[in-house]
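Chemist: Coordinates in entry-v9.pdb, PDB, C-alpha atoms, are listed below.
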```
ATOM      1  CA  MET A 930     -66.414 -23.223  91.311
ATOM      2  CA  THR A 931     -63.432 -23.992  89.118
ATOM      3  CA  ARG A 932     -62.676 -22.343  85.841
ATOM      4  CA  ALA A 933     -63.350 -25.549  83.886
ATOM      5  CA  ASN A 934     -66.847 -25.837  85.403
ATOM      6  CA  GLN A 935     -67.673 -22.230  84.496
ATOM      7  CA  GLN A 936     -66.723 -22.764  80.874
ATOM      8  CA  GLN A 937     -68.511 -26.106  80.571
ATOM      9  CA  LYS A 938     -71.678 -25.750  78.510
ATOM     10  CA  LYS A 939     -74.924 -27.071  79.896
ATOM     11  CA  ILE A 940     -75.952 -30.407  78.356
ATOM     12  CA  GLU A 941     -79.666 -31.256  78.238
ATOM     13  CA  ILE A 942     -81.037 -33.709  75.692
ATOM     14  CA  VAL A 943     -84.852 -33.864  75.816
ATOM     15  CA  ASN A 944     -87.170 -36.543  74.460
ATOM     16  CA  ARG A 945     -89.846 -34.233  73.025
ATOM     17  CA  ARG A 946     -91.899 -37.112  71.704
ATOM     18  CA  ALA A 947     -92.485 -38.374  75.250
ATOM     19  CA  GLN A 948     -94.539 -35.337  76.232
ATOM     20  CA  HIS A 949     -96.672 -35.711  73.119
ATOM     21  CA  GLU A 950     -97.244 -39.466  73.503
ATOM     22  CA  TYR A 951     -97.732 -39.775  77.307
ATOM     23  CA  PHE A 952     -99.256 -38.168  80.383
ATOM     24  CA  LEU A 953     -96.175 -37.778  82.620
ATOM     25  CA  THR A 954     -96.910 -38.311  86.324
ATOM     26  CA  ASP A 955     -94.151 -39.269  88.804
ATOM     27  CA  GLU A 956     -90.637 -37.940  88.214
ATOM     28  CA  PHE A 957     -87.330 -39.605  89.155
ATOM     29  CA  ASP A 958     -83.678 -38.671  88.587
ATOM     30  CA  ALA A 959     -81.633 -41.780  87.863
ATOM     31  CA  GLY A 960     -77.918 -42.260  87.509
ATOM     32  CA  ILE A 961     -76.711 -44.168  84.482
ATOM     33  CA  VAL A 962     -73.843 -46.653  84.144
ATOM     34  CA  LEU A 963     -71.593 -45.487  81.291
ATOM     35  CA  SER A 964     -68.202 -46.308  79.833
ATOM     36  CA  GLY A 965     -65.485 -43.691  79.303
ATOM     37  CA  THR A 966     -66.193 -42.928  75.671
ATOM     38  CA  GLU A 967     -69.951 -42.685  76.295
ATOM     39  CA  ILE A 968     -69.654 -39.800  78.754
ATOM     40  CA  LYS A 969     -67.303 -37.988  76.382
ATOM     41  CA  SER A 970     -69.809 -38.352  73.574
ATOM     42  CA  ILE A 971     -72.646 -37.135  75.837
ATOM     43  CA  ARG A 972     -70.645 -34.033  76.753
ATOM     44  CA  LEU A 973     -70.429 -33.295  73.020
ATOM     45  CA  GLY A 974     -74.236 -33.635  72.800
ATOM     46  CA  ASN A 975     -74.227 -36.695  70.523
ATOM     47  CA  VAL A 976     -77.318 -38.397  71.978
ATOM     48  CA  ASN A 977     -80.684 -39.373  70.492
ATOM     49  CA  MET A 978     -83.475 -40.306  72.921
ATOM     50  CA  ALA A 979     -86.349 -40.582  70.416
ATOM     51  CA  ASP A 980     -86.716 -44.376  70.576
ATOM     52  CA  ALA A 981     -85.493 -44.926  74.143
ATOM     53  CA  TYR A 982     -87.571 -46.882  76.649
ATOM     54  CA  CYS A 983     -87.097 -48.367  80.125
ATOM     55  CA  LEU A 984     -87.855 -51.855  81.404
ATOM     56  CA  PHE A 985     -87.255 -54.039  84.428
ATOM     57  CA  GLU A 986     -85.013 -57.107  84.220
ATOM     58  CA  LYS A 987     -84.389 -59.169  87.355
ATOM     59  CA  GLY A 988     -85.315 -56.281  89.648
ATOM     60  CA  GLU A 989     -83.037 -53.774  87.890
ATOM     61  CA  LEU A 990     -84.111 -50.911  85.654
ATOM     62  CA  TRP A 991     -82.501 -50.677  82.204
ATOM     63  CA  VAL A 992     -82.781 -48.111  79.436
ATOM     64  CA  ARG A 993     -82.768 -49.507  75.910
ATOM     65  CA  ASN A 994     -82.414 -47.932  72.474
ATOM     66  CA  LEU A 995     -80.727 -44.842  73.892
ATOM     67  CA  HIS A 996     -78.416 -43.927  71.016
ATOM     68  CA  ILE A 997     -75.093 -42.435  72.125
ATOM     69  CA  LYS A 998     -72.983 -41.798  69.034
ATOM     70  CA  GLU A 999     -69.511 -43.344  69.009
ATOM     71  CA  TYR A1000     -66.820 -40.984  70.278
ATOM     72  CA  LYS A1001     -64.862 -39.541  67.370
ATOM     73  CA  PHE A1002     -61.466 -39.998  69.028
ATOM     74  CA  GLY A1003     -62.252 -43.408  70.535
ATOM     75  CA  THR A1004     -60.119 -46.316  69.409
ATOM     76  CA  TYR A1005     -60.674 -50.033  69.974
ATOM     77  CA  SER A1006     -62.270 -49.174  73.332
ATOM     78  CA  ASN A1007     -65.169 -47.294  71.725
ATOM     79  CA  HIS A1008     -68.666 -48.220  72.908
ATOM     80  CA  GLU A1009     -71.613 -49.791  71.094
ATOM     81  CA  PRO A1010     -74.103 -46.966  70.321
ATOM     82  CA  ARG A1011     -77.382 -48.709  71.304
ATOM     83  CA  ARG A1012     -76.308 -51.040  74.095
ATOM     84  CA  PRO A1013     -78.615 -51.459  77.135
ATOM     85  CA  ARG A1014     -77.559 -49.250  80.049
ATOM     86  CA  LYS A1015     -78.374 -49.822  83.708
ATOM     87  CA  LEU A1016     -80.130 -47.063  85.627
ATOM     88  CA  LEU A1017     -79.241 -46.393  89.248
ATOM     89  CA  LEU A1018     -82.065 -45.697  91.704
ATOM     90  CA  ARG A1019     -82.868 -46.431  95.347
ATOM     91  CA  LYS A1020     -84.536 -49.766  96.097
ATOM     92  CA  THR A1021     -87.662 -48.051  97.421
ATOM     93  CA  GLU A1022     -88.010 -46.066  94.188
ATOM     94  CA  LEU A1023     -87.465 -49.216  92.106
ATOM     95  CA  LYS A1024     -90.131 -51.121  94.063
ATOM     96  CA  LYS A1025     -92.615 -48.265  93.714
ATOM     97  CA  MET A1026     -92.005 -48.030  89.969
ATOM     98  CA  ASP A1027     -92.174 -51.801  89.454
ATOM     99  CA  LYS A1028     -95.514 -51.937  91.289
ATOM    100  CA  LYS A1029     -96.936 -49.094  89.164
ATOM    101  CA  VAL A1030     -95.668 -50.594  85.882
ATOM    102  CA  ARG A1031     -97.397 -53.885  86.633
ATOM    103  CA  GLU A1032    -100.676 -51.951  86.698
ATOM    104  CA  ARG A1033    -102.366 -51.724  83.341
ATOM    105  CA  GLY A1034    -101.447 -48.745  81.161
ATOM    106  CA  ASN A1035     -98.369 -47.490  83.026
ATOM    107  CA  THR A1036     -94.870 -47.346  81.618
ATOM    108  CA  ILE A1037     -91.516 -45.716  82.358
ATOM    109  CA  VAL A1038     -90.376 -43.069  79.907
ATOM    110  CA  PRO A1039     -86.875 -41.523  79.749
ATOM    111  CA  PHE A1040     -87.489 -37.799  79.316
ATOM    112  CA  LYS A1041     -84.251 -35.856  79.708
ATOM    113  CA  LEU A1042     -80.541 -36.704  79.814
ATOM    114  CA  PHE A1043     -78.407 -34.070  81.525
ATOM    115  CA  ILE A1044     -75.085 -33.490  83.260
ATOM    116  CA  ASN A1045     -75.512 -32.401  86.892
ATOM    117  CA  GLU A1046     -73.362 -29.890  88.781
ATOM    118  CA  LYS A1047     -70.940 -32.652  89.832
ATOM    119  CA  GLY A1048     -70.351 -33.606  86.196
ATOM    120  CA  LEU A1049     -72.309 -36.876  86.356
ATOM    121  CA  ALA A1050     -74.753 -37.977  83.653
ATOM    122  CA  LYS A1051     -78.323 -38.379  84.890
ATOM    123  CA  ILE A1052     -81.606 -39.312  83.241
ATOM    124  CA  LYS A1053     -84.914 -37.809  84.291
ATOM    125  CA  ILE A1054     -87.492 -40.572  83.940
ATOM    126  CA  PHE A1055     -91.239 -40.433  84.421
ATOM    127  CA  LEU A1056     -93.964 -42.901  85.230
ATOM    128  CA  ALA A1057     -96.417 -42.327  82.420
ATOM    129  CA  THR A1058     -99.687 -43.442  80.878
ATOM    130  CA  GLY A1059    -100.269 -43.421  77.137
ATOM    131  CA  LYS A1060    -102.425 -40.772  75.519
ATOM    132  CA  LYS A1061    -105.301 -41.584  73.214
ATOM    133  CA  SER A1062    -105.457 -39.880  69.810
ATOM    134  CA  HIS A1063    -108.063 -37.335  70.973
ATOM    135  CA  ASP A1064    -105.786 -36.392  73.915
ATOM    136  CA  LYS A1065    -102.932 -35.784  71.475
ATOM    137  CA  ARG A1066    -105.140 -33.524  69.350
ATOM    138  CA  HIS A1067    -106.150 -31.612  72.473
ATOM    139  CA  THR A1068    -102.480 -31.156  73.428
ATOM    140  CA  ILE A1069    -101.684 -29.825  69.947
ATOM    141  CA  LEU A1070    -104.612 -27.367  70.136
ATOM    142  CA  GLU A1071    -103.475 -26.086  73.544
ATOM    143  CA  ARG A1072     -99.918 -25.624  72.276
ATOM    144  CA  ASP A1073    -101.142 -23.705  69.197
ATOM    145  CA  GLU A1074    -103.401 -21.474  71.306
ATOM    146  CA  LYS A1075    -100.544 -20.710  73.684
ATOM    147  CA  ARG A1076     -98.276 -19.875  70.759
ATOM    148  CA  SER A1077    -100.828 -17.483  69.222
ATOM    149  CA  LEU A1078    -101.403 -15.791  72.622
ATOM    150  CA  ASP A1079     -97.650 -15.326  73.030
ATOM    151  CA  ARG A1080     -97.475 -13.766  69.555
ATOM    152  CA  MET A1081    -100.324 -11.385  70.362
ATOM    153  CA  LYS A1082     -98.646 -10.361  73.637
ATOM    154  CA  LYS A1083     -95.370  -9.803  71.831
ATOM    155  CA  ASP A1084     -97.050  -7.678  69.140
ATOM    156  CA  TYR A1085     -98.949  -5.703  71.807
ATOM    157  CA  ASN A1086     -95.748  -5.011  73.785
ATOM    158  CA  ASN A1087     -93.862  -3.887  70.654
ATOM    159  CA  ASP A1088     -96.517  -1.264  69.775
TER     160      ASP A1088
END
```
Show this structure as structure tokens.

Modeler:
Amino acid sequence: MTRANQQQKKIEIVNRRAQHEYFLTDEFDAGIVLSGTEIKSIRLGNVNMADAYCLFEKGELWVRNLHIKEYKFGTYSNHEPRRPRKLLLRKTELKKMDKKVRERGNTIVPFKLFINEKGLAKIKIFLATGKKSHDKRHTILERDEKRSLDRMKKDYNND
């Protein structure tokens, strides 16, 4: 491992809203086609995934509304922040996802953007189904209960 890799901070941008809005089922790691200034901006952590979504166009999977802030030191070659970006997956994975999306209620949700050990930007995407409002309330209750249990354990261990 080189010295530059050891000093490089770990980049992980998570779409927290996705876990609240959807039941996440099948997981895929997809490559993403980027320009030079986009990867530099990602390495600085200037990404917003809140409104991002995936869709199929002519047999290819694209992510839309993924906001990558313009690179501060970019000149005329700077990128457009919300341009559609192609995702790179195997054909078998694409066919499986396309078949599932055509079923009623399924969608593809970008969940996490990260830099892998080779220095390449990847997006973790999930096949998902939407939650109803009562499911969301149940998720919030479970999260609150877990938080209060963790607090009680922490207080018990400190005594």

Chemist: Using CA of Asn994 (chain A) and CA of Ala981 (chain A) as the two end points, give the distance in Å to one decimal.

Modeler: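 Computing it gives 4.6 Å between the two atoms.
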
Chemist: Starting from the shown file, work through the PyMOL selection byres ((chain A and resi 945) around 10) and note down what comes out as a ChimeraX atom specification.

Modeler: /A:942-944,946-950,978-979,1040-1041

Chemist: Excluding Leu1017 (chain A) and residues on its chain fewer than 4 positions from it, collect all residues at most 8 Å away from it, counting all atoms listed in the file, and give them as a count of residues only.

Modeler: 5

Chemist: Find the residue from A:Arg1019, A:Arg1072, A:Lys998, A:Arg993 that sits nearest to Val976 (chain A); use all atoms listed in the file when measuring.

Modeler: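 For Val976 (chain A), the nearest of the given residues is A:Lys998.
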
Chemist: Skipping near chain neighbours, those fewer than 5 positions away, what residues fall within 10 Å of Ala1057 (chain A) using all atoms listed in the file, listed as a list of chain:residue names?

Modeler: A:Ala947, A:Gln948, A:Glu950, A:Tyr951, A:Phe952, A:Leu953, A:Thr954, A:Asp955, A:Glu956, A:Lys1029, A:Val1030, A:Gly1034, A:Asn1035, A:Thr1036, A:Ile1037, A:Val1038, A:Pro1039

Chemist: Once the PyMOL selection byres ((chain A and resi 1049) around 12) is applied to the coordinates I shared, what remains selected? I want it as a VMD selection string.

Modeler: chain A and resid 940 958 to 963 965 967 to 969 971 to 972 1042 to 1048 1050 to 1052

Chemist: What separation in Å, quoted to one decimal, exists between CA of Met1026 (chain A) and CA of His1067 (chain A)?

Modeler: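 One can read the CA of Met1026 (chain A) to CA of His1067 (chain A) distance as 27.9 Å.
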
Chemist: Measuring atom to atom with all atoms listed in the file, identify which of A:Lys1053, A:Lys1020, A:Lys1025, A:Lys1061 is nearest to Cys983 (chain A).

Modeler: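 Checking each of A:Lys1053, A:Lys1020, A:Lys1025, A:Lys1061 against Cys983 (chain A), counting all atoms listed in the file, the winner is A:Lys1053.
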
Chemist: Can you measure CA of Trp991 (chain A) to CA of Thr1068 (chain A) for me? One decimal in Å is fine.

Modeler: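 Interatomic distance here is 29.3 Å.
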
Chemist: Of the candidates A:Phe1055, A:Thr966, A:Gly974, A:Lys939, which shows the shortest atom-to-atom distance to Glu1009 (chain A), using all atoms listed in the file?

Modeler: A:Thr966

Chemist: Let me make sure I understand: among A:Leu973, A:Leu1016, A:Met1081, A:Ile1054, which one has the smallest atom-to-atom distance to Phe1002 (chain A) if we use all atoms listed in the file?

Modeler: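 Using all atoms listed in the file, Phe1002 (chain A) sits closest to A:Leu973.
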
Chemist: Could you give me, as a list in words, the residues within 7 Å of Ser970 (chain A), counting all atoms listed in the file and dropping anything in the same chain fewer than 6 positions from it?

Modeler: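 Once the nearby chain positions are removed, what remains is Ile997, Lys998, Glu999 and Tyr1000 of chain A.
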
Chemist: Kindly compute an axis-aligned box around the listed atoms of region 1046-1064 of chain A, allowing 5 Å on each side, and express its centre and edge lengths in Å to one decimal as AutoDock Vina command-line options.

Modeler:
```
--center_x -89.2 --center_y -36.7 --center_z 79.8 --size_x 47.7 --size_y 23.6 --size_z 30.0
```

Chemist: Point out the residue among A:Lys1082, A:Arg1076, A:Lys1015, A:Arg1033 with the least atom-to-atom distance to Gly1059 (chain A), counting all atoms listed in the file.

Modeler: A:Arg1033

Chemist: Which residue is closest to Leu1023 (chain A)? Choose from A:Lys1075, A:Leu1056, A:Pro1010, A:Lys1083 and count all atoms listed in the file.

Modeler: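 That would be A:Leu1056, the residue with the smallest distance to Leu1023 (chain A).
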
Chemist: Excluding Glu1022 (chain A) and residues on its chain fewer than 5 positions from it, collect all residues at most 10 Å away from it, counting all atoms listed in the file, and give them as number ranges by chain.

Modeler: A: 957, 959, 1027-1028

Chemist: Keeping only C-alpha atoms, take the residues you just selected and write them out as a tab-separated table (two decimals), keeping the file's coordinate frame.

Modeler:
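result_26.tsv, freshly written:
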```
chain	number	residue	atom	x	y	z
A	957	PHE	CA	-87.33	-39.60	89.16
A	959	ALA	CA	-81.63	-41.78	87.86
A	1027	ASP	CA	-92.17	-51.80	89.45
A	1028	LYS	CA	-95.51	-51.94	91.29
```
